[in-house]
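For reference, the structure is listed below as structure tokens.
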Amino acid sequence: MTAPLPPPGAPLQHYVSTAPFDPYSVEAMTAGQAKVYQASQLRLMWWKFKKHRIALISGIFLLAAYLAIVVAEFLAPYNLHTRNMDFIHAPPQRVRMFHDGQLVGPFVYGRTMELDMETLRRVYSDNTADVQRLRFFCSGDPYKFWGLWEASFHLVCPAKDGQFFALGTDRLGRDVLSRIIYGARISLTIGLIGIAVSFTLGIVIGGLAGYHGGYLDLMVQRVIEVLQSIPSIPLWMALAAIMPVSWSPILVYLGITVILGLLDWTGLARAVRSKLLALREEDYVLAAQLMGAKSSRIIGRHLVPGFMSHLIASATISIPGMILGETALSFLGLGLRPPITSWGILLTEARSVSVIAFYPWLLYPMIPVILVILAFNFLGDGLRDAADPYK
Amino acid sequence: MISGADLLRIEDLSISFAMLGGQIDAVKKANLRVLPGRVTALVGESGSGKSVISQSIMRILPKVASASGRILFNDPLTGTETDILRLSQDGPDIRAIRGRRIGKIFQEPMTSLSPLHTIGDQVSEVLTIHEDMSRDERYERTIEMLRMVGFAKPERAFRMYPFELSGGMRQRAMIALALICRPALLIADEPTTALDVTIQAQILRLLKDLQQEFNMAMLLITHDLGVVANVADEVVVIYHGEVMEAGPVEDIFRRPGHPYLKGLMAAVPHFDMKPGERLKALREVPVNASHLLGVSEERQKEPGPDILLSVRDVTKSYKIRKSGFFRRPDEAPVRAVDGVSFDIRRGECLGLVGESGCGKTTVSKMLMRAVTPDSGSIVFHDRNGPVDVLEAEGDQLQKLRGKIQMVFQDPVSSLSPRMTVQNILSEPLEIHKRGTPKSRLETVSALMEVIGLNRRYLNRYPHSFSGGQRQRIGIARALALGPELLICDEPVSALDVSVQAQILNLLKDLQKDLGLTYLFISHNLAVVDYMADRIAVMCAGRIVELAPREILMRAPVHPYTKSLLAAVPFPDLDRPLDFSTLKTANASDMRNWSAPFRQDDDGHGLATADLGEGHLVLARSNADVRELRP
Amino acid sequence: MLRYILWRIAVMVPTMLLISMLVFTIIELPPGDYFESYVAELRAMGEEADMEEIEALRERYGFDQPAPIRYLHWVGGMLHGDFGYSFEYQLPVSDVVGDRLWLTVLVSFVTILVTWIIAFPIGIYSATHQYSWGDYGLTFLGLLGLAVPNFILALILMYFANIWFGTSIGHLMDQQYLNEPMSWAKARSILEHLWIPVIIIGTAGTAGMVRRLRANLLDELQKQYVVTARAKGMNPFRALVKYPLRMSLNFFISDIGSILPQIISGAEITAIVLSLETTGPMLIKALQSQDMYLAGSFLMFLAFLTVIGVLVSDIALAFLDPRIRLQGGSTK
Amino acid sequence: TLALQEPEYFKEKLADGTLPAMAERLPKVPRVVNLAAMGRKPGQYGGMVRTIIGGQKDIRLMTINGYARLVGFDEHLVLQPDILESFEQTGNRVYTFKLREGHRWSDGHPFTVDDFVYYWEDVLNNKEMRPRGLPLDLLSARKPPRFEVVDPLTVRYSWDNPNPEFLLKLASPQPLTLALPAHYMKQFHPKYADPETLAKLVKKEDTDDWTGLHINRSRTYRPENPELPTLDPWRNLIAPPAEQFIFERNPFFHRVDETGQQLPYMDKIVLNVSASGIIPAKAGAGEADLQSAGLDFADYTFLKDAEHRYPITVNLWEHTQGSRIALLPNLNCGDKVWRGLFRDVRFRRALSVAIDREEINKASFFGLARESADTILPQSPLFKPEYQHAWAQFDPDLADKLLDEAGLTGRRSDGVRLLPDGRAASLIVESAGESTLETDVLELVTDHWRQVGLALHVRTSQRDVFRSRALGGEIMISVQQGIDNGIPTPDMSPSALAPTGDEQLQWPVWGLHYLSDRQKGEAPDLPEAAELVKLMRQWKGSTSTEERTGIWGQMLSIYTQQVFSIGIVNGTLQPVVHARRMQNVPKEALYGFDPTAFLGVYLPDTFWFDRSA
Ligand SMILES: Nc1ncnc2c1ncn2[C@@H]1O[C@H](COP(=O)(O)OP(=O)(O)OP(=O)(O)O)[C@@H](O)[C@H]1O
Ligand SMILES: Nc1ncnc2c1ncn2[C@@H]1O[C@H](COP(=O)(O)OP(=O)(O)OP(=O)(O)O)[C@@H](O)[C@H]1O
Ligand SMILES: [Mg+2]
Ligand SMILES: [Mg+2]
Ligand code: NI
């Protein structure tokens with residue numbers, strides 16, 4: 001029942017609703033509302049996040065990627081170091097299902113290599129008589145799982161005495177696919193650790209400077225200025241010079257991560273600081289202060305969340321920088337060294353015109369980089385939306 | 001009178017919000033209309049969907065909202081009828097209407113202005129968009145408008161930033177912004193909540209004038225039934241998104257039909273209330289005060305020093321900027337607070353009233369040490385001895401924070417936009433490490449209950465609440481710690497009278513049960529009258545009069561107090577405001593005051609004169625006390 | 001404000017001093033000195049070096065003195081415009097740098113400009129059309145640029161630009177214009193070559209700008225004052241530019257200081273791959289061969305640019321946000 | 001007599017008389033290069049050659065490739081007078097040089113004995129110029145030569161002790177200087193110049209004193225000073241710093257071909273400074289007309305492919321190094337245990353035979369290289385197959401046995417052997433990480449050595465600091481190329497086989513001892529190394545080729561048997577790109593710094609553009 005309206009311009013009649021009225025009646029909560037009100041904030045965010053399809057897919061993809069690096073040895077058809085001197089610079093092999101019109105299951109044709117002594121190129125051709133069926137959950141190249149346990153169990157292996165180079169081989173005849181899978185270990189972690197370091201520093205230092213202002217700010221600003229003034233390459237070179245050479249590759253890797261993180265926080269700190277300089281004048285900050293909140297709490301719970309979108313965007317944007325930042329180091333001969341590998345190293349190794357002209361499959365490590373970066377960004381989008389109270 | 005058409009006709013308007021856990025129907029099939037040149041008042045409980053309706057008229061609902069029904073706007077200039085809901089979201093058609101044909105005063109003026117642009121810029125911008133004017137013309141027009149809404153120095157206000165203005169001043173800037181294009185329809189969402197009664201009267205007058213001169217119609221959303229009685233032609237009463245009662249103002253006031261409306265009328269605080277009389281709220285929520293706030297028994301028993309807080313001679317001035325970026329301030333700084341002294345006794349409620357922009361908020365912030373005074377002292381007399389508020393550090397300060405709490409004038413900006421209500425309310429407890437996560441959740445739920453908000457809102461963010469709901473959240477947060485002194489800066493301005501009654505009763509109960517002390521800042525004199533034991537009147541940074549409630553209300557001495565009392569609107573059709581007297585008197589202008597209260601030319605400054613019975617008044621230092629008595 | 005600016009400028013002096021110490025440490029840090037490198041290099045070419053001669057050189061350039069004294073000498077020299085001597089080029093540093101400095105500045109500024117010109121519209125578009133195909137598409141493109149390492153992008157662009165357009169490999173201009181004074185033809189040749197490095201260096205920055213601008217705008221677009229602006233009847237685009245965009249500029253402005261060093265750092269490797277006539281390759285080479293005064297001068301120059309950038313950013317920030325300007329000085 | 005033909009290039013100058021006619025420009029007896037006899041074709045004048053250098057310093061390639069020397073090698077590495085009309089030597093002690101009459105500097109000023117005198121008296125023996133005395137190359141048994149002007153065209157240098165390296169130094173790619181254009185240099189010398197003008201010049205150049213100025217202006221190896229008169233085939237026109245250097249033909253150059261054309265044929269050489277990384281790309285894009293520097297075997301495929309697109313030809317020349325890549329165990333390593341092992345020949349041999357050279361050859365060199373110890377090439381008259389095969393076979397069992405014998409019997413759980421003191425045997429190899437080739441080879445070697453229980457770690461640092469670190473004993477093993485000159489004749493110095501220099505990373509401390517004439521470093525305490533030093537001294541004192549052949553044989557035998565450096569492959573190939581129209585570029589040749597001076601001994605001044613092609 002609704003209040004009637006008089007025709008346009010006509011005088012208004014006194015209308016009184018006759019529906020029963022109980023001031024205490026509160027509309028009963030629906031089951032949905034009950035669930036929502038009891039939920040924790042994280043839960044709420046998860047619900048909101050779930051609605052973002054692409055973010056969800058990205059999240060699952062990343063999760064899978066991180067799971068994959070745990071069992072890289074198992075997933076990779078070959079060992080990281082396995083070389084095939086007879087299959088140097090072999091182009092990718094196509095996985096086929098049908099041979100002579102008959103379903104054989106996944107297989108590849110055997111390869112024959114000829115040396116073209118005129119151009120000094122290796123010419124590969126498929127030998128269509130040689131059907132090499134792939135094996136699954138099989139025993140193949142031996143490896144040391146996590147460097148600890150000897151094993152030789154693989155998800156997929158080439159036929160006995162056959163080859164399977166899904167993404168081709170490099171200049172030492174190593175399987176590109178396997179190397180990409182192994183490289184994910186470093187590439188997927190270096191970024192996160194680096195970002196964790198740089199974001200912690202950036203937010204804490206920038207936050208304190210921005211929130212407190214005054215002399216603290218002045219000092220912090222000068223430190224940032226000084227750090228920013230030195231282009232990163234000389235800094236890397238200098239830091240790499242300090243890094244003890246007797247370090248194991250793993251330590252070097254950690255060192256590099258930390259270096260990347262240590263050098264990356266300044267920009268963020270400045271952004272945080274200048275944003276906080278403005279935000280700290282808001283009433284809700286004052287309110288928190290008057291409640292007796294410490295600066296850490298004010299920065300962490302009130303100010304930084306207001307800046308979350310920026311932080312998420314910055315973080316997702318920094319990830320490629322971290323994954324690839326190490327390539328710049330490798331480029332200068334300062335980065336990771338074999339036996340460790342990473343996507344960055346794989347790409348650095350591919351840096352020549354001949355690769356682009358003749359062996360483009362060596363550039364395939366770019367694909368996981370792109371996928372991961374896209375995934376992180378969409379994930380970031382989803383997180384942003386989930387944290388956005390207006391959604 | 002009947003011009004043949006409604007200026008605005010809302011038919012079957014329903015508005016709902018898509019939220020996690022199901023949608024919220026904020027407005028259900030509402031019908032209402034505004035006649036040209038007439039005022040339709042929309043009254044209703046806090047959270048009943050008034051603001052949402054007003055937003056839908058401008059097509060500025062948030063993205064999550066969806067509206068259905070018809071909103072017909074009949075532009076008297078062109079004579080065409082447009083269904084606003086059919087227009088494209090931000091298309092040229094709707095843009096031509098917004099700001100020019102329909103002006104809107106937002107409920108929360110504090111946050112509705114951009115912090116990065118000057119007031120002048122934001123106000124004159126409307127002209128830039130809709131009128132073809134030169135820069136100078138725009139400036140002139142803006143200055144004039146600012147003056148009309150009560151800025152004493154409009155040129156100065158023109159270049160000020162919103163954060164430099166007091167709450168009332170921002171509201172006036174907002175009004176100026178809405179009116180500057182002389183719209184055919186003004187949607188005023190609680191336009192005078194932050195204004196003292198004299199300025200409120202001035203604004204109401206201005207609106208009336210515009211109404212007459214330009215045939216401006218108005219959709220007035222307000223909780224102040226006094227204002228309704230004074231300006232409205234038709235009234236629509238809305239409750240939970242549904243229209244409960246509608247009719248001409250006469251019918252509504254003289255023959256209220258619906259129990260809700262009757263309840264509203266009954267809940268209005270009035271000046272003739274007997275001591276100890278309670279307001280009749282629509283809903284009574286039983287409160288176990290000590291349990292709610294977790295206050296220890298000892299505190300209730302132990303009396304402590306009589307004076308809780310003493311303020312001596314505090315002064316605060318702000319620099320004035322010239323328009324240029326590089327120029328140094330060359331005018332004398334403005335004294336926002338000028339030599340204010342007073343005491344707050346334990347367990348009392350000290351009312352603080354005064355002109356908008358006179359420094360009330362500044363004073364209260366100084367008590368909290370949110371603003372550092374230029375000079376003066378503030379001492380908090382704790383049970384364990386006095387604490388110098390301005391000097392306290394570390395642990396002492398932390399303890400003090402727990403003992404003095406504040407309800408902010410602007411509820412929107414004082415709530416962290418990215419925290420849910422639950423987090424907001426439990427935060428003070430977390431900071432002071434009270435209780436366990438579970439007990440905190442209980443406390444929070446209980447708090448929600450006493451302020452009349454449903455528990456199901458716990459996981460919502462502040463922006464999704466109505467103005468009044470947010471204000472209550474602010475109150476609940478201030479109460480959470482069970483402070484000894486609660487500073488309330490306009491705590492109920494956004495609440496309808498029934499909820500207001502509920503909240504005021506709660507505060508009273510707490511005062512009674514726990515001996516809470518209040519500094520109660522309000523423009524609503526009836527509320528102050530109901531709450532306060534003593535009342536201080538501020539004007540231009542000074543306390544001009546301070547007296548126990550009865551004395552001040554019945555026998556005010558200071559001319560400013562008198563004019564304040566004279567400007568109170570009553571929710572009674574038989575006691576209309578006399579706009580003609582109000583027009584002439586600029587109540588806060590010292591020159592309009594009688595001689596003993598003016599600063600004279602031969603160097604006699606002003607000093608506080610004691611009239612006995614705790615009645616203090618600011619008068620010329622050589623004035624005779626008897627002379628001051630009326 | 002004027003006082004603030006003067007004060008900020010005064011603060012730059014100790015900052016620069018501090019930087020100079022850091023720079024000196026960095027160029028001193030690797031073991032050995034230029035003369036070591038010199039011998040090593042001769043040896044790499046199969047040549048032999050006369051040890052006695054090298055000792056003499058060492059003495060001549062004061063390398064037998066302790067580091068602090070050399071530092072003072074170096075800083076003192078710089079103060080009156082003497083940037084030292086490049087061992088590698090056997091010329092005073094100021095002679096070596098030549099065109100490279102302004103070519104670096106050119107590449108950097110064009111890159112920054114292009115970045116902005118592309119990033120702003122796209123950022124605004126992405127924010128206002130969140131989750132549209134355009135948003136996804138542009139995001140994808142931007143991230144693609146970000147995901148491909150600069151040197152690979154450089155190689156690919158260089159290779160295909162040569163094959164398709166016949167652009168000569170690398171460099172900022174065609175060979176015949178090297179050493180030539182500026183002319184229209186030379187300017188054209190520079191423009192023809194400039195796009196490759198600009199794209200390469202710019203891609204990463206653009207994507208970052210777009211994403212961050214988008215994020216900030218998305219936040220601001222929800223604010224009440226935007227609703228107010230809409231209620232005024234403002235054109236949404238103009239409203240966007242005036243209100244939320246200005247708010248979101250905060251991060252952007254605070255970044256100004258670091259844009260230049262970032263661009264220049266990002267450009268170093270690209271410059272090496274493309275063999276650009278900019279300071280990058282020369283700097284890296286100088287660092288590697290420990291041609292310390294040359295490296296030091298470059299670093300100090302870059303540092304100076306950065307410090308100026310930070311100054312500009314600080315002042316711009318104060319311009320932008322009155323809250324910072326009027327209350328920023330206070331301590332909490 | 002020849003019918004002289006003027007080059008087109010000087011037409012204008014000849015017309016306006018700024019340049020005298022060719023007959024006057026040439027020495028009375030020019031050096032006539034008989035191209036037909038060399039199997040080449042006489043050419044035509046003209047053309048500009050574009051070439052790319054990896055850095056400004058590389059303009060020294062012009063001096064190297066130009067290869068105008070007082071005495072120089074010919075294609076068959078036989079010493080020939082070049083700038084000199086003739087030379088004589090007696091007992092490797094007395095050297096008499098006869099100049100060509102009428103020979104002129106590139107500015108037209110006569111080149112005479114005065115130029116030798118100036119350099120000897122006012123530069124070499126000037127205390128301010130050379131406070132530490134003469135360069136080592138001019139000393140024999142620490143004593144300087146006597147310098148005499150025999151007649152206006154003849155000078156003589158004579159020592160008391162034999163100095164067999166003297167002529168080799170003159171013929172080297174970085175030649176020993178004996179003369180400077182006195183007429184030009186005198187303006188920078190206080191003995192001749194007006195003190196005030198000189199002071200002004202010094203100030204302008206911002207050098208501390210006149211010596212700096214003099215050094216700056218007289219650089220011949222890096223022809224940076226366009227004003228400095230030269231005897232090279234081309235002279236520089238551009239002063240550094242520059243991104244491009246242009247060299248034009250020297251009108252007074254002393255060589256002619258048999259048809260009476262003055263060499264060089266090609267008028268101009270343009271050197272573009274580029275990052276070394278993109279030289280292959282540029283060469284493959286037809287942007288170089290003659291290019292070898294900056295190209296590597298790995299670029300061959302790309303360059304060959306570019307032949308289809310651009311008018312270029314790619315040839316493969318053979319490197320002259322003893323080993324393209326060699327591992328040098330530092331016998332002066334600071335770590336006692338390691339030092340002991342490195343000095344144990346069994347250990348060195350084990351390291352060597354553990355390497356599967358065939359795999360490396362296949363992977364990195366297409367199987368075209370020669371698996372070999374670090375020694376001389378078959379092209380050398382001194383070559384014997386036993387040097388090549390000495391401990392260069394792949395025999396992991398033997399390696400295991402040798403290692404066991406050397407005392408590395410203990411093994412860690414992962415199979416890595418334990419040192420006598422209980423540490424794991426992990427070798428740290430220093431690499432400059434400059435080329436992927438090095439990285440690849442090291443990666444393979446890592447695997448090979450791992451098979452015999454040795455762990456290898458690669459540490460990358462700047463090559464620049466190798467020497468000082470090796471001297472300080474900080475380096476265990478380093479990777480470098482092997483012996484420079486893999487095609488020696490008995491008359492060439494065998495110094496690379498003995499500890500004679502501190503840049504020899506297998507024994508820098510001993511090398512320093514020899515280099516500083518026993519002043520610094522330590523004497524070799526390994527008998528075989530000491531023996532090598534002894535033989536080296538013998539070679540210096542010997543005067544007959546047979547004796548030298550004998551010494552060479554002994555040294556090569558010791559060096560390879562002792563495996564002082566672990567060679568991997570040699571005879572690797574170097575792509576040399578040239579414009580298809582360019583004639584006289586040998587299809588196959590030897591390529592190396594020493595002794596061929598890269599292209600130098602093949603006389604690039606005789607290359608020419610065939611305009612009809
Ligand atoms: N953005 C939003 N999202 C979800 N719910 C909303 C939103 N805005 C308002 N609401 C809900 O809609 C209802 C009506 O709100 P509205 O602001 O119109 O109330 P109101 O009548 O103006 O009250 P008040 O007098 O307190 O301002 C409230 O229950 C509120 O919680
Ligand atoms: N940050 C500031 N900078 C400059 N002036 C300020 C600032 N804050 C307040 N003021 C000035 O101080 C005066 C007092 O402001 P205050 O907010 O205390 O008024 P109020 O009494 O609370 O008014 P209202 O009732 O309208 O809220 C006003 O004139 C205001 O313009
Ligand atoms: Mg409202
Ligand atoms: Mg106020
Ligand atoms: Ni140094």
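A note on labels: chains of the structure tokens are A, B, ... as shown, every chain counts residues from 1, and ligands are counted from 1 in their shown order.
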Exercise answer, 6 Å around ligand 2 with only C-alpha atoms and all ligand atoms, as a list of chain:residue names: B:Phe163, B:Glu164, B:Leu165, B:Ser166, B:Gly167, B:Gly168, B:Met169, B:Ala194, B:Tyr318, B:Ala336, B:Ser356, B:Gly357, B:Cys358, B:Gly359, B:Lys360, B:Thr361, B:Thr362
Residues from last step as file, all heavy atoms, as a short mmCIF file (atom, residue, chain, number, x, y, z; two decimals), in the first residue's frame:
data_model
loop_
_atom_site.label_atom_id
_atom_site.label_comp_id
_atom_site.auth_asym_id
_atom_site.auth_seq_id
_atom_site.Cartn_x
_atom_site.Cartn_y
_atom_site.Cartn_z
N PHE B 163 39.05 22.79 5.08
CA PHE B 163 39.50 22.36 6.40
C PHE B 163 39.82 23.51 7.33
O PHE B 163 40.07 23.31 8.51
CB PHE B 163 40.70 21.41 6.29
CG PHE B 163 41.92 22.05 5.70
CD1 PHE B 163 42.84 22.70 6.52
CD2 PHE B 163 42.15 22.01 4.34
CE1 PHE B 163 43.96 23.29 5.98
CE2 PHE B 163 43.28 22.61 3.80
CZ PHE B 163 44.18 23.24 4.62
N GLU B 164 39.79 24.72 6.78
CA GLU B 164 40.04 25.87 7.64
C GLU B 164 38.74 26.44 8.21
O GLU B 164 38.76 27.39 8.95
CB GLU B 164 40.76 26.97 6.86
CG GLU B 164 42.14 26.56 6.41
CD GLU B 164 42.79 27.63 5.54
OE1 GLU B 164 42.31 27.85 4.42
OE2 GLU B 164 43.73 28.26 6.01
N LEU B 165 37.65 25.86 7.77
CA LEU B 165 36.36 26.41 8.18
C LEU B 165 35.75 25.57 9.28
O LEU B 165 36.01 24.37 9.39
CB LEU B 165 35.40 26.43 6.99
CG LEU B 165 35.83 27.27 5.80
CD1 LEU B 165 34.78 27.16 4.71
CD2 LEU B 165 36.03 28.71 6.21
N SER B 166 34.90 26.19 10.06
CA SER B 166 34.17 25.43 11.07
C SER B 166 33.03 24.69 10.38
O SER B 166 32.71 24.95 9.23
CB SER B 166 33.62 26.36 12.13
OG SER B 166 32.45 26.98 11.65
N GLY B 167 32.45 23.75 11.13
CA GLY B 167 31.40 22.92 10.55
C GLY B 167 30.28 23.77 9.95
O GLY B 167 29.86 23.56 8.81
N GLY B 168 29.83 24.72 10.70
CA GLY B 168 28.73 25.55 10.22
C GLY B 168 29.12 26.35 8.99
O GLY B 168 28.31 26.55 8.08
N MET B 169 30.34 26.81 8.98
CA MET B 169 30.78 27.61 7.83
C MET B 169 30.78 26.75 6.56
O MET B 169 30.40 27.20 5.49
CB MET B 169 32.16 28.16 8.09
CG MET B 169 32.18 29.22 9.18
SD MET B 169 33.84 29.39 9.82
CE MET B 169 34.11 31.10 9.57
N ALA B 194 24.26 22.32 11.38
CA ALA B 194 25.50 22.78 12.01
C ALA B 194 25.45 24.27 12.31
O ALA B 194 26.45 24.87 12.62
CB ALA B 194 26.69 22.45 11.12
N TYR B 318 44.68 31.55 14.33
CA TYR B 318 45.11 31.00 13.03
C TYR B 318 45.60 32.13 12.14
O TYR B 318 45.03 33.21 12.14
CB TYR B 318 43.96 30.28 12.34
CG TYR B 318 43.58 28.99 13.01
CD1 TYR B 318 42.43 28.91 13.79
CD2 TYR B 318 44.37 27.87 12.87
CE1 TYR B 318 42.08 27.72 14.40
CE2 TYR B 318 44.02 26.68 13.49
CZ TYR B 318 42.87 26.61 14.25
OH TYR B 318 42.53 25.45 14.86
N ALA B 336 40.68 32.40 16.98
CA ALA B 336 39.55 31.48 16.95
C ALA B 336 39.04 31.27 18.37
O ALA B 336 37.85 31.18 18.60
CB ALA B 336 39.96 30.15 16.35
N SER B 356 27.91 29.87 15.07
CA SER B 356 28.70 29.01 14.21
C SER B 356 30.04 29.69 13.91
O SER B 356 30.09 30.85 13.55
CB SER B 356 27.94 28.78 12.90
OG SER B 356 28.80 28.34 11.91
N GLY B 357 31.10 28.96 14.10
CA GLY B 357 32.42 29.51 13.82
C GLY B 357 33.01 30.29 14.97
O GLY B 357 34.03 30.96 14.82
N CYS B 358 32.38 30.20 16.15
CA CYS B 358 32.89 31.00 17.25
C CYS B 358 34.00 30.30 18.01
O CYS B 358 34.58 30.85 18.92
CB CYS B 358 31.76 31.39 18.19
SG CYS B 358 31.13 29.99 19.11
N GLY B 359 34.28 29.06 17.69
CA GLY B 359 35.42 28.42 18.33
C GLY B 359 35.09 27.27 19.25
O GLY B 359 35.95 26.81 19.99
N LYS B 360 33.87 26.78 19.19
CA LYS B 360 33.49 25.70 20.09
C LYS B 360 34.29 24.44 19.80
O LYS B 360 34.87 23.81 20.70
CB LYS B 360 31.98 25.39 19.92
CG LYS B 360 31.09 26.58 20.18
CD LYS B 360 29.63 26.23 20.00
CE LYS B 360 29.27 25.84 18.57
NZ LYS B 360 29.44 26.92 17.59
N THR B 361 34.33 24.08 18.55
CA THR B 361 35.06 22.88 18.19
C THR B 361 36.53 23.03 18.55
O THR B 361 37.18 22.11 19.06
CB THR B 361 34.90 22.60 16.69
OG1 THR B 361 33.51 22.48 16.42
CG2 THR B 361 35.62 21.36 16.28
N THR B 362 37.06 24.21 18.30
CA THR B 362 38.46 24.44 18.62
C THR B 362 38.70 24.24 20.12
O THR B 362 39.66 23.59 20.52
CB THR B 362 38.87 25.86 18.19
OG1 THR B 362 38.44 26.04 16.84
CG2 THR B 362 40.37 26.03 18.28
#
Residues within 9 Å of Leu336 in chain A, only C-alpha atoms, excluding chain neighbours under 6 positions, as JSON, numbers by chain: {"A": [249, 250, 252, 253, 256, 326, 327, 329, 330, 342, 345]}
Shell around Asp82 in chain D at 9 Å using only C-alpha atoms, local window under 6 positions removed, as a PyMOL selection string: chain D and resi 31+68-73+254-255
Write the residues of the selection above to a file with N, CA, C and O atoms, as a PDB file, in the first residue's frame.
ATOM      1  N   ARG D  31     108.662   0.849 -51.270  1.00  0.00           N
ATOM      2  CA  ARG D  31     108.524  -0.589 -51.126  1.00  0.00           C
ATOM      3  C   ARG D  31     107.495  -1.040 -52.162  1.00  0.00           C
ATOM      4  O   ARG D  31     106.341  -0.601 -52.134  1.00  0.00           O
ATOM      5  N   ALA D  68     102.370  -0.708 -40.668  1.00  0.00           N
ATOM      6  CA  ALA D  68     103.582  -0.109 -41.239  1.00  0.00           C
ATOM      7  C   ALA D  68     104.618  -0.137 -40.125  1.00  0.00           C
ATOM      8  O   ALA D  68     104.441   0.491 -39.094  1.00  0.00           O
ATOM      9  N   ARG D  69     105.671  -0.920 -40.322  1.00  0.00           N
ATOM     10  CA  ARG D  69     106.671  -1.093 -39.269  1.00  0.00           C
ATOM     11  C   ARG D  69     108.048  -0.842 -39.872  1.00  0.00           C
ATOM     12  O   ARG D  69     108.235  -0.986 -41.078  1.00  0.00           O
ATOM     13  N   LEU D  70     108.990  -0.499 -38.993  1.00  0.00           N
ATOM     14  CA  LEU D  70     110.354  -0.406 -39.503  1.00  0.00           C
ATOM     15  C   LEU D  70     110.698  -1.741 -40.144  1.00  0.00           C
ATOM     16  O   LEU D  70     111.192  -1.826 -41.270  1.00  0.00           O
ATOM     17  N   VAL D  71     110.419  -2.789 -39.376  1.00  0.00           N
ATOM     18  CA  VAL D  71     110.626  -4.146 -39.853  1.00  0.00           C
ATOM     19  C   VAL D  71     109.339  -4.895 -39.563  1.00  0.00           C
ATOM     20  O   VAL D  71     108.789  -4.752 -38.482  1.00  0.00           O
ATOM     21  N   GLY D  72     108.841  -5.675 -40.486  1.00  0.00           N
ATOM     22  CA  GLY D  72     107.595  -6.378 -40.207  1.00  0.00           C
ATOM     23  C   GLY D  72     107.600  -7.765 -40.813  1.00  0.00           C
ATOM     24  O   GLY D  72     108.446  -8.098 -41.649  1.00  0.00           O
ATOM     25  N   PHE D  73     106.632  -8.579 -40.358  1.00  0.00           N
ATOM     26  CA  PHE D  73     106.497  -9.916 -40.928  1.00  0.00           C
ATOM     27  C   PHE D  73     105.748  -9.834 -42.240  1.00  0.00           C
ATOM     28  O   PHE D  73     104.881  -8.987 -42.420  1.00  0.00           O
ATOM     29  N   HIS D 254     104.701   4.810 -48.243  1.00  0.00           N
ATOM     30  CA  HIS D 254     105.898   4.392 -48.969  1.00  0.00           C
ATOM     31  C   HIS D 254     105.728   3.131 -49.785  1.00  0.00           C
ATOM     32  O   HIS D 254     106.681   2.609 -50.311  1.00  0.00           O
ATOM     33  N   ARG D 255     104.490   2.573 -49.838  1.00  0.00           N
ATOM     34  CA  ARG D 255     104.356   1.340 -50.608  1.00  0.00           C
ATOM     35  C   ARG D 255     103.644   1.621 -51.927  1.00  0.00           C
ATOM     36  O   ARG D 255     102.735   2.450 -51.980  1.00  0.00           O
TER      37      ARG D 255
END
